[in-house]
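Okay, model01.txt now, which holds compact mmCIF, C-alpha atoms:
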```txt
# COMPACT_ATOMS: atom_id res chain seq x y z
CA MET A 1 106.30 107.55 114.72
CA LEU A 2 104.30 104.37 114.78
CA ASN A 3 103.66 103.00 118.23
CA VAL A 4 101.90 99.75 117.54
CA HIS A 5 100.82 97.85 120.60
CA PRO A 6 97.74 95.77 121.28
CA GLY A 7 95.83 98.22 123.40
CA LEU A 8 94.65 101.80 123.52
CA PRO A 9 96.43 104.47 125.57
CA SER A 10 94.86 105.68 128.81
CA PHE A 11 91.82 107.93 128.65
CA ASP A 12 88.49 108.42 130.40
CA TYR A 13 85.30 107.29 128.70
CA ILE A 14 82.58 109.87 129.25
CA LEU A 15 78.90 109.19 128.64
CA PRO A 16 76.96 112.46 128.89
CA GLY A 17 73.22 112.45 129.54
CA SER A 18 72.32 115.30 127.22
CA LEU A 19 73.64 117.42 124.36
CA ALA A 20 73.94 120.39 126.71
CA GLU A 21 76.03 118.37 129.11
CA ALA A 22 78.17 117.00 126.28
CA SER A 23 78.86 120.41 124.73
CA ALA A 24 79.66 121.91 128.11
CA PHE A 25 82.10 119.12 128.94
CA LEU A 26 83.80 119.32 125.55
CA ALA A 27 84.20 123.07 125.79
CA GLN A 28 85.46 122.89 129.35
CA HIS A 29 88.14 120.39 128.32
CA LYS A 30 88.69 121.79 124.86
CA ASP A 31 92.35 120.80 124.64
CA ASP A 32 92.03 117.20 125.71
CA ALA A 33 88.50 116.00 125.04
CA ARG A 34 87.02 114.73 121.83
CA PRO A 35 83.55 113.44 120.88
CA PHE A 36 83.33 110.11 119.08
CA MET A 37 80.75 107.95 117.28
CA GLY A 38 81.91 104.57 115.98
CA GLY A 39 85.51 105.29 116.91
CA THR A 40 86.76 103.62 113.76
CA ASP A 41 89.10 106.49 112.90
CA ILE A 42 89.99 107.83 116.30
CA PHE A 43 90.86 104.54 118.02
CA VAL A 44 93.20 103.62 115.17
CA ARG A 45 94.95 106.99 115.43
CA MET A 46 95.27 106.71 119.16
CA ARG A 47 96.62 103.19 118.94
CA ASP A 48 99.26 104.50 116.53
CA GLY A 49 100.27 107.22 118.96
CA PHE A 50 98.44 110.16 117.37
CA GLY A 51 95.69 111.99 119.20
CA ASP A 52 96.48 112.41 122.85
CA TYR A 53 93.01 112.70 124.36
CA ARG A 54 92.35 112.51 128.05
CA TYR A 55 88.58 112.25 127.55
CA LEU A 56 86.60 110.53 124.84
CA VAL A 57 82.98 111.61 124.91
CA ASP A 58 80.42 109.12 123.59
CA VAL A 59 77.74 111.14 121.83
CA LYS A 60 75.94 108.27 120.06
CA LYS A 61 73.06 107.95 122.45
CA LEU A 62 71.98 111.56 122.67
CA ASP A 63 68.66 112.98 121.54
CA GLY A 64 67.78 112.56 117.87
CA MET A 65 71.14 111.11 116.86
CA ASP A 66 69.64 107.83 115.80
CA ALA A 67 66.84 108.90 113.52
CA ILE A 68 66.41 108.71 109.74
CA HIS A 69 63.66 111.02 108.54
CA PHE A 70 62.67 111.73 104.94
CA ASP A 71 60.18 114.31 103.80
CA PRO A 72 59.48 114.79 100.05
CA LEU A 73 59.75 118.58 100.38
CA GLU A 74 62.25 118.96 103.23
CA GLY A 75 64.54 116.15 102.20
CA LEU A 76 66.51 113.85 104.47
CA THR A 77 67.53 114.34 108.08
CA LEU A 78 70.12 111.72 108.94
CA GLY A 79 70.96 111.45 112.62
CA ALA A 80 74.69 111.56 113.24
CA ALA A 81 74.76 108.24 115.07
CA VAL A 82 73.14 106.23 112.27
CA ASP A 83 75.71 103.62 111.29
CA MET A 84 76.64 103.11 107.66
CA ASN A 85 74.95 99.72 107.32
CA ARG A 86 71.69 101.29 108.42
CA VAL A 87 72.15 104.01 105.82
CA ILE A 88 72.72 101.39 103.12
CA SER A 89 69.66 99.37 104.05
CA SER A 90 67.30 102.30 104.68
CA ASP A 91 64.40 102.26 102.20
CA ALA A 92 64.09 106.03 102.26
CA ILE A 93 67.75 106.52 101.41
CA ARG A 94 67.81 103.76 98.80
CA ASP A 95 64.75 105.22 97.11
CA HIS A 96 65.76 108.87 97.12
CA TYR A 97 69.56 109.00 97.48
CA PRO A 98 71.01 105.92 95.76
CA LEU A 99 74.30 107.79 95.25
CA LEU A 100 74.74 108.01 99.00
CA VAL A 101 74.11 104.28 99.26
CA GLU A 102 76.67 103.58 96.52
CA ALA A 103 79.32 105.74 98.17
CA THR A 104 78.68 104.38 101.67
CA SER A 105 78.80 100.78 100.43
CA LYS A 106 82.38 101.33 99.31
CA VAL A 107 83.62 102.11 102.81
CA ALA A 108 85.85 99.46 104.39
CA SER A 109 83.94 96.29 105.30
CA TYR A 110 80.57 95.17 106.63
CA GLN A 111 81.77 94.93 110.21
CA LEU A 112 83.40 98.33 110.08
CA ARG A 113 80.23 99.84 108.66
CA SER A 114 78.28 98.43 111.62
CA ARG A 115 80.00 101.08 113.70
CA ALA A 116 81.19 103.79 111.31
CA THR A 117 78.95 106.77 110.59
CA ILE A 118 78.73 109.32 107.78
CA ALA A 119 78.86 112.01 110.45
CA GLY A 120 82.15 110.60 111.69
CA ASN A 121 83.43 110.40 108.12
CA ILE A 122 82.64 114.12 107.76
CA CYS A 123 83.98 115.24 111.13
CA ASN A 124 87.19 113.24 110.66
CA GLY A 125 87.75 115.68 107.81
CA SER A 126 89.90 113.41 105.71
CA PRO A 127 89.91 114.34 102.04
CA ALA A 128 89.74 110.60 101.39
CA GLY A 129 86.29 110.21 102.97
CA ASP A 130 84.19 108.11 100.60
CA THR A 131 80.84 109.54 101.61
CA ILE A 132 81.78 113.20 101.61
CA GLY A 133 81.64 113.74 97.83
CA ALA A 134 78.09 112.42 97.72
CA CYS A 135 77.07 114.65 100.62
CA LEU A 136 78.62 117.68 98.91
CA LEU A 137 76.85 116.98 95.63
CA LEU A 138 73.58 116.44 97.50
CA ASP A 139 74.01 119.90 99.03
CA ALA A 140 74.34 118.68 102.58
CA SER A 141 74.14 120.94 105.57
CA LEU A 142 75.11 120.03 109.09
CA LYS A 143 73.07 120.49 112.23
CA VAL A 144 75.63 121.23 114.92
CA HIS A 145 75.04 121.56 118.65
CA GLY A 146 77.40 123.84 120.52
CA LEU A 147 77.55 126.09 123.56
CA GLN A 148 75.12 128.48 121.84
CA GLY A 149 72.68 125.66 121.04
CA PHE A 150 71.92 124.47 117.53
CA ARG A 151 73.15 125.98 114.27
CA ILE A 152 73.35 124.94 110.63
CA GLU A 153 76.68 124.73 108.80
CA PRO A 154 76.77 124.23 105.03
CA LEU A 155 79.01 121.32 104.11
CA ASP A 156 80.68 123.03 101.17
CA SER A 157 82.59 125.43 103.42
CA PHE A 158 83.07 123.04 106.31
CA PHE A 159 86.56 121.70 105.55
CA LEU A 160 89.59 123.87 106.29
CA GLY A 161 92.43 121.44 105.66
CA PRO A 162 93.34 117.78 106.12
CA GLY A 163 91.58 116.65 109.28
CA GLN A 164 90.43 120.21 110.05
CA THR A 165 86.83 121.31 110.06
CA LYS A 166 84.84 124.29 111.26
CA LEU A 167 83.88 122.47 114.45
CA GLY A 168 85.05 124.32 117.55
CA PRO A 169 85.16 123.55 121.27
CA GLY A 170 81.85 122.14 122.48
CA ASP A 171 80.58 121.41 118.96
CA ILE A 172 78.85 118.13 118.19
CA LEU A 173 77.46 117.19 114.79
CA THR A 174 73.93 115.94 115.49
CA ALA A 175 72.44 115.46 112.02
CA ILE A 176 73.19 115.71 108.31
CA LYS A 177 70.49 117.31 106.21
CA LEU A 178 70.19 116.60 102.50
CA GLN A 179 67.86 118.56 100.26
CA ALA A 180 65.06 116.77 98.47
CA PRO A 181 66.68 115.22 95.40
CA ALA A 182 66.23 116.98 92.08
CA GLU A 183 63.90 115.34 89.60
CA GLY A 184 65.69 112.74 87.49
CA MET A 185 68.93 112.90 89.45
CA VAL A 186 71.53 110.22 88.77
CA GLY A 187 74.86 109.75 90.47
CA ARG A 188 77.95 107.63 90.41
CA TYR A 189 80.83 107.03 92.83
CA ILE A 190 84.03 105.44 91.57
CA LYS A 191 86.65 104.48 94.12
CA LEU A 192 90.18 103.47 93.24
CA GLY A 193 91.97 101.48 95.90
CA ARG A 194 94.96 99.19 96.07
CA ASN A 195 92.51 96.31 96.09
CA GLN A 196 88.92 95.87 95.02
CA ALA A 197 87.45 96.42 98.44
CA SER A 198 88.11 97.75 101.93
CA ASP A 199 91.04 100.10 101.21
CA LEU A 200 91.11 103.85 101.64
CA ALA A 201 90.52 105.70 98.37
CA ILE A 202 93.62 106.47 96.32
CA VAL A 203 91.26 108.55 94.21
CA GLY A 204 87.51 108.91 94.70
CA VAL A 205 85.28 110.45 92.04
CA THR A 206 81.65 111.37 92.70
CA ALA A 207 79.45 112.70 89.92
CA VAL A 208 75.79 113.74 89.82
CA GLY A 209 73.56 115.06 87.11
CA TYR A 210 69.95 115.97 86.55
CA PRO A 211 67.89 117.58 83.80
CA ASP A 212 67.91 121.38 83.98
CA ARG A 213 66.19 123.25 81.15
CA ASP A 214 67.65 126.55 82.33
CA ARG A 215 71.08 125.43 81.15
CA PRO A 216 72.15 125.38 77.50
CA SER A 217 73.33 121.80 77.89
CA GLY A 218 69.99 120.76 79.38
CA TYR A 219 71.70 119.22 82.36
CA ARG A 220 73.36 120.21 85.58
CA ILE A 221 76.34 117.91 86.04
CA ARG A 222 78.66 118.21 89.03
CA LEU A 223 81.85 116.54 90.21
CA ALA A 224 83.61 116.04 93.54
CA LEU A 225 87.02 114.48 94.14
CA ALA A 226 88.38 112.58 97.14
CA SER A 227 92.00 112.08 98.15
CA VAL A 228 93.53 114.52 95.68
CA ALA A 229 93.50 117.82 97.54
CA PRO A 230 93.86 119.02 101.14
CA VAL A 231 90.07 118.88 101.43
CA PRO A 232 87.23 117.01 99.69
CA LEU A 233 87.15 118.92 96.41
CA LEU A 234 84.05 120.22 94.68
CA VAL A 235 85.16 121.05 91.13
CA ASP A 236 82.87 123.92 90.16
CA GLU A 237 84.64 124.42 86.85
CA VAL A 238 83.35 121.06 85.64
CA GLU A 239 79.79 122.12 86.34
CA THR A 240 80.26 125.38 84.47
CA TYR A 241 81.93 123.67 81.54
CA LEU A 242 79.21 121.03 81.16
CA SER A 243 76.41 123.60 81.47
CA GLY A 244 77.43 125.82 78.61
CA GLU A 245 77.03 123.62 75.56
CA PRO A 246 75.36 120.32 74.70
CA VAL A 247 77.15 117.39 76.30
CA THR A 248 79.19 115.21 73.98
CA GLU A 249 81.96 112.69 74.46
CA GLU A 250 84.49 115.40 73.64
CA ARG A 251 82.97 117.70 76.28
CA ILE A 252 83.15 114.88 78.83
CA ALA A 253 86.82 114.38 77.98
CA GLY A 254 87.33 118.12 78.36
CA ALA A 255 85.64 118.07 81.74
CA ALA A 256 87.90 115.23 82.84
CA ARG A 257 90.94 117.31 81.89
CA ILE A 258 89.53 120.21 83.90
CA ALA A 259 89.19 117.87 86.90
CA GLN A 260 92.82 116.81 86.43
CA GLU A 261 93.92 120.46 86.40
CA ALA A 262 91.88 121.22 89.51
CA CYS A 263 93.35 118.55 91.75
CA SER A 264 96.57 118.80 93.74
CA PRO A 265 97.39 115.30 95.00
CA ILE A 266 100.33 114.31 97.15
CA SER A 267 102.42 111.17 97.04
CA ASP A 268 101.86 108.92 100.01
CA VAL A 269 102.10 105.28 100.97
CA ARG A 270 99.12 104.40 98.77
CA ALA A 271 100.06 106.12 95.50
CA GLY A 272 102.18 108.75 93.82
CA ALA A 273 100.90 112.20 92.95
CA ARG A 274 101.36 111.86 89.19
CA TYR A 275 99.47 108.56 89.16
CA ARG A 276 96.63 110.10 91.13
CA GLU A 277 96.40 112.98 88.69
CA MET A 278 96.14 110.59 85.77
CA MET A 279 93.52 108.53 87.59
CA VAL A 280 91.50 111.67 88.34
CA ARG A 281 91.27 112.26 84.62
CA ASN A 282 90.41 108.65 83.73
CA LEU A 283 87.91 108.10 86.51
CA SER A 284 86.26 111.50 86.11
CA GLN A 285 85.84 110.60 82.46
CA GLN A 286 84.19 107.32 83.43
CA ALA A 287 81.95 108.78 86.12
CA LEU A 288 80.80 111.75 84.05
CA TYR A 289 80.20 109.57 81.02
CA SER A 290 78.20 107.13 83.10
CA VAL A 291 76.04 109.92 84.53
CA TRP A 292 75.52 111.51 81.13
CA LYS A 293 74.50 108.22 79.52
CA SER A 294 72.04 107.53 82.33
CA LEU A 295 70.53 110.96 81.87
CA GLU A 296 70.21 110.47 78.12
CA ALA A 297 68.65 107.06 78.59
CA ALA A 298 66.01 108.50 80.87
CA HIS A 299 64.87 111.00 78.28
CA MET B 1 91.59 106.46 134.42
CA ALA B 2 87.93 105.81 135.14
CA ASN B 3 86.49 102.34 135.61
CA HIS B 4 83.02 101.37 134.49
CA THR B 5 80.68 98.63 135.68
CA ILE B 6 78.90 97.01 132.77
CA THR B 7 76.27 94.32 132.55
CA LEU B 8 75.97 92.47 129.28
CA LYS B 9 75.06 89.16 127.71
CA ILE B 10 77.91 87.07 126.33
CA ASN B 11 76.97 83.93 124.43
CA GLY B 12 73.67 83.89 126.25
CA GLU B 13 75.14 84.32 129.74
CA LEU B 14 74.68 87.48 131.76
CA GLU B 15 77.99 88.96 132.94
CA ARG B 16 78.74 91.88 135.21
CA LEU B 17 82.23 93.29 134.92
CA GLU B 18 84.33 96.23 135.92
CA VAL B 19 86.34 97.56 132.99
CA ALA B 20 88.85 100.34 132.49
CA SER B 21 87.88 103.08 130.03
CA ASN B 22 90.50 102.06 127.50
CA LEU B 23 89.79 98.31 127.53
CA THR B 24 88.46 97.19 124.16
CA LEU B 25 85.73 94.59 123.78
CA LEU B 26 88.44 92.38 122.28
CA GLY B 27 90.65 92.88 125.32
CA MET B 28 87.75 92.19 127.67
CA LEU B 29 86.78 88.95 125.92
CA ARG B 30 90.31 87.58 125.87
CA GLN B 31 91.72 88.91 129.14
CA LYS B 32 88.75 89.05 131.49
CA LEU B 33 86.63 86.20 130.20
CA THR B 34 89.31 83.95 128.71
CA LEU B 35 87.27 83.69 125.52
CA THR B 36 90.34 83.44 123.35
CA GLY B 37 88.58 82.28 120.21
CA THR B 38 88.38 85.89 119.11
CA LYS B 39 91.79 86.98 117.83
CA ASN B 40 93.79 90.18 117.52
CA GLY B 41 95.21 90.49 114.01
CA CYS B 42 95.75 94.18 113.40
CA HIS B 43 93.97 96.13 116.14
CA ALA B 44 92.89 98.58 113.46
CA GLY B 45 89.61 97.18 112.16
CA GLU B 46 91.15 95.94 108.92
CA CYS B 47 91.70 92.19 109.24
CA GLY B 48 88.49 91.00 110.91
CA ALA B 49 90.16 88.39 113.14
CA CYS B 50 88.43 90.11 116.06
CA THR B 51 84.92 89.99 114.57
CA VAL B 52 82.10 89.25 117.00
CA LEU B 53 78.36 89.86 116.91
CA MET B 54 77.20 92.87 118.88
CA ASN B 55 73.42 93.14 119.10
CA GLY B 56 73.20 90.82 116.10
CA GLU B 57 75.63 92.69 113.87
CA PRO B 58 79.29 91.85 113.19
CA VAL B 59 81.74 94.40 114.54
CA ASN B 60 85.50 94.66 114.87
CA SER B 61 85.81 94.18 118.61
CA CYS B 62 89.25 95.83 118.59
CA LEU B 63 87.49 99.11 117.85
CA VAL B 64 84.68 98.83 120.40
CA LEU B 65 85.24 99.87 124.00
CA ALA B 66 84.10 97.43 126.66
CA ALA B 67 82.55 100.44 128.39
CA GLU B 68 80.29 100.95 125.35
CA CYS B 69 78.87 97.44 125.78
CA ASP B 70 76.66 98.01 128.80
CA GLY B 71 73.39 96.27 127.96
CA ALA B 72 74.78 94.69 124.81
CA ASP B 73 74.27 91.18 123.48
CA ILE B 74 77.59 89.72 122.35
CA VAL B 75 78.14 86.46 120.50
CA THR B 76 81.64 85.10 119.94
CA VAL B 77 82.79 82.01 118.05
CA GLU B 78 82.52 80.08 121.32
CA GLY B 79 78.80 80.78 121.22
CA LEU B 80 78.20 79.11 117.89
CA ALA B 81 78.63 75.44 118.71
CA GLN B 82 76.00 73.64 120.70
CA ILE B 83 77.18 71.24 123.38
CA GLY B 84 79.07 68.47 121.66
CA ARG B 85 78.26 69.65 118.13
CA LEU B 86 79.63 72.21 115.74
CA ASP B 87 76.99 74.41 114.20
CA PRO B 88 76.16 73.97 110.49
CA VAL B 89 78.36 76.87 109.29
CA GLN B 90 81.35 75.60 111.28
CA GLU B 91 80.77 72.07 109.97
CA ALA B 92 80.46 73.23 106.38
CA VAL B 93 83.54 75.47 106.37
CA LYS B 94 85.56 72.72 108.03
CA ASP B 95 84.37 70.04 105.60
CA ALA B 96 85.09 72.28 102.63
CA GLY B 97 88.71 72.59 103.72
CA GLY B 98 88.31 76.27 104.58
CA VAL B 99 90.50 76.10 107.68
CA GLN B 100 94.32 76.00 107.57
CA CYS B 101 95.99 77.86 110.40
CA GLY B 102 92.61 78.73 111.80
CA PHE B 103 93.47 82.26 112.87
CA CYS B 104 90.95 84.01 110.64
CA THR B 105 88.33 81.32 111.16
CA PRO B 106 86.49 82.63 114.21
CA GLY B 107 85.99 86.02 112.55
CA VAL B 108 84.99 84.39 109.27
CA LEU B 109 82.39 82.23 111.01
CA ILE B 110 80.85 85.22 112.74
CA SER B 111 80.67 87.20 109.48
CA ALA B 112 79.23 84.14 107.71
CA HIS B 113 76.61 83.65 110.39
CA ALA B 114 75.50 87.24 110.14
CA LEU B 115 75.38 87.00 106.36
CA LEU B 116 73.18 83.91 106.34
CA GLU B 117 70.93 85.54 108.92
CA ARG B 118 70.25 88.54 106.69
CA SER B 119 70.54 86.73 103.35
CA PRO B 120 69.82 82.98 103.62
CA ASP B 121 70.62 82.23 99.97
CA PRO B 122 73.54 84.49 99.10
CA SER B 123 75.20 84.69 95.70
CA GLU B 124 78.96 84.25 95.47
CA GLU B 125 79.27 88.03 95.11
CA GLU B 126 77.30 88.57 98.29
CA ILE B 127 79.47 86.08 100.17
CA LYS B 128 82.64 87.78 98.97
CA ASP B 129 81.21 91.16 99.89
CA ALA B 130 80.35 89.94 103.38
CA LEU B 131 83.91 88.64 103.84
CA VAL B 132 85.68 91.78 102.62
CA GLY B 133 86.63 92.52 106.20
CA ASN B 134 87.96 89.04 107.01
CA LEU B 135 91.47 88.59 105.70
CA CYS B 136 92.91 85.09 105.24
CA ARG B 137 96.55 84.46 104.39
CA CYS B 138 96.32 80.70 104.03
CA THR B 139 93.37 79.51 102.01
CA GLY B 140 92.93 81.96 99.16
CA TYR B 141 89.27 82.16 100.27
CA PHE B 142 87.94 79.65 97.74
CA ARG B 143 87.16 76.88 100.20
CA ILE B 144 85.80 79.31 102.75
CA ILE B 145 83.35 80.57 100.15
CA ASP B 146 82.47 76.99 99.17
CA GLY B 147 81.83 76.13 102.79
CA ILE B 148 79.50 79.07 103.24
CA LYS B 149 77.67 78.12 100.04
CA GLN B 150 77.24 74.61 101.41
CA ALA B 151 75.94 75.93 104.70
CA ALA B 152 73.46 78.13 102.84
CA ASN B 153 72.17 75.15 100.89
CA LEU B 154 71.28 73.21 104.00
```

Starting from the file, lay out its structure as structure tokens.
Amino acid sequence: MLNVHPGLPSFDYILPGSLAEASAFLAQHKDDARPFMGGTDIFVRMRDGFGDYRYLVDVKKLDGMDAIHFDPLEGLTLGAAVDMNRVISSDAIRDHYPLLVEATSKVASYQLRSRATIAGNICNGSPAGDTIGACLLLDASLKVHGLQGFRIEPLDSFFLGPGQTKLGPGDILTAIKLQAPAEGMVGRYIKLGRNQASDLAIVGVTAVGYPDRDRPSGYRIRLALASVAPVPLLVDEVETYLSGEPVTEERIAGAARIAQEACSPISDVRAGARYREMMVRNLSQQALYSVWKSLEAAH
Amino acid sequence: MANHTITLKINGELERLEVASNLTLLGMLRQKLTLTGTKNGCHAGECGACTVLMNGEPVNSCLVLAAECDGADIVTVEGLAQIGRLDPVQEAVKDAGGVQCGFCTPGVLISAHALLERSPDPSEEEIKDALVGNLCRCTGYFRIIDGIKQAANL
């Protein structure tokens, strides 16, 4: 039930001095404490009466959360507290991961992106997250700090259901790691919203491709879908299909139909399920075609 | 609920305040400092009526906690005009007819200021992009965009 009023419900704002302190506090209060970054999802939920947290733990200022580090062999380490505008304007990310810039630029508005983070987008665990498809297709892994210290979680098994991730009590996402981009990689993110900007995705399609001589088609082309399944959806069948034979317009159309088969959208306030399914097919077609043409042009 | 003592700069003035954990920056500006130029439109970070500059960047103040603002540098619409004079962006948007009810205007001006700071000669696309998060029900945006173009050309 919507409980719209101008303020936030009562809670305690906690500012821990270290990751160890933060994880310990979160674990100790595992039923009523939650970490937050920009707060752009959680404050809205709380204002609407969802999310009854007694403690909100600010983890933005902790060690290493703010850094962007690129190494040509290691890839990118993106601190969890880096806001989306910083991601978009980072030379390292623009040069090496333009797909991530494209996807992040489609989130909400400039002022929201001053506070929102890709880490928060991931931890919020919404299948509609604009940046998640790009992270999946860039083979992201997550550096998580918990009671046992640091560990690495692969992103492709991180989501368990709508709003549910593998994070447990005491866990804090500290950095997102992307592998060094494959040679000649191109990507595309297409977002369908009720308007041209600032809405949540009705359907989000992310596609990447790069030359791969080990495959009969000569390319590795991959697809991820937002907002049309309980979790952000990596459609492996599209990759398999577009690996096996040379890519043609007919194969692209076939891949788009495979994407349509793979998704399982619901009807909600933004769109109906049947419409979403049809848009998955159309937009997958567009995104895959765009990636394929870019790859061909580069040859 | 815990209280927090914060020290921050607001429109150039140093302020020291005690704030409850759940008080937003928007709430603090309006209720504790009577800076009512900044408006509450949706309290969900969608309309931009609450936009202020925080450390030079526009933010939705309805989604920032006052407690997070310790050490911050905040500029609201009240901080734009010099004594006795509107600033060039205010003047230009006004002269272009970009103000009707005026409710979106403070947020628009803050977003416009930040845009011209980072991109002094923006294209129309860039202006529209910068205003994505500032909803206006009155003007249809055309005269707001014109005003910002005029301000950029100064």

**Asked** For chain A against chain B, which residues fall within 10 Å using only C-alpha atoms, given as an MDAnalysis selection string?
**Response** chainID A and resid 4:15 38:45 47:48 54:56 58 85 105 108:116 196:199

**Message:** As an exercise, work out the distance from atom CA of Gly209 of chain A to atom CA of Ile68 of chain A in Å and give it to one decimal place.
**Reply:** 24.6 Å

Excluding same-chain residues fewer than 5 positions from segment 236-249 of chain A, what lies within 12 Å of it counting all atoms listed in the file, as a compact mmCIF listing (two decimals) with C-alpha atoms, keeping the file's coordinate frame?
```
# COMPACT_ATOMS: atom_id res chain seq x y z
CA LEU A 136 78.62 117.68 98.91
CA LEU A 137 76.85 116.98 95.63
CA ASP A 156 80.68 123.03 101.17
CA ALA A 207 79.45 112.70 89.92
CA VAL A 208 75.79 113.74 89.82
CA GLY A 209 73.56 115.06 87.11
CA TYR A 210 69.95 115.97 86.55
CA PRO A 211 67.89 117.58 83.80
CA ASP A 212 67.91 121.38 83.98
CA ARG A 213 66.19 123.25 81.15
CA ASP A 214 67.65 126.55 82.33
CA ARG A 215 71.08 125.43 81.15
CA PRO A 216 72.15 125.38 77.50
CA SER A 217 73.33 121.80 77.89
CA GLY A 218 69.99 120.76 79.38
CA TYR A 219 71.70 119.22 82.36
CA ARG A 220 73.36 120.21 85.58
CA ILE A 221 76.34 117.91 86.04
CA ARG A 222 78.66 118.21 89.03
CA LEU A 223 81.85 116.54 90.21
CA ALA A 224 83.61 116.04 93.54
CA LEU A 225 87.02 114.48 94.14
CA GLY A 254 87.33 118.12 78.36
CA ALA A 255 85.64 118.07 81.74
CA ALA A 256 87.90 115.23 82.84
CA ARG A 257 90.94 117.31 81.89
CA ILE A 258 89.53 120.21 83.90
CA ALA A 259 89.19 117.87 86.90
CA GLN A 260 92.82 116.81 86.43
CA GLU A 261 93.92 120.46 86.40
CA ALA A 262 91.88 121.22 89.51
CA CYS A 263 93.35 118.55 91.75
CA ARG A 281 91.27 112.26 84.62
CA SER A 284 86.26 111.50 86.11
CA GLN A 285 85.84 110.60 82.46
CA GLN A 286 84.19 107.32 83.43
CA LEU A 288 80.80 111.75 84.05
CA TYR A 289 80.20 109.57 81.02
CA SER A 290 78.20 107.13 83.10
CA VAL A 291 76.04 109.92 84.53
CA TRP A 292 75.52 111.51 81.13
CA LYS A 293 74.50 108.22 79.52
CA LEU A 295 70.53 110.96 81.87
CA GLU A 296 70.21 110.47 78.12
```

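Our summary of the geometry notes that atom CA of Ala72 of chain B is positioned 16.7 Å from atom CA of Ala81 of chain A.
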
**Request:** Counting only C-alpha atoms, write as a list of chain:residue names all protein and nucleic acid residues lying at most 10 Å from (69.4, 94.7, 126.2) in the file's frame.
**Result:**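 Neighbouring residues, ordered by chain and number, come to B:Thr7, B:Leu8, B:Lys9, B:Asn55, B:Cys69, B:Asp70, B:Gly71, B:Ala72, B:Asp73.
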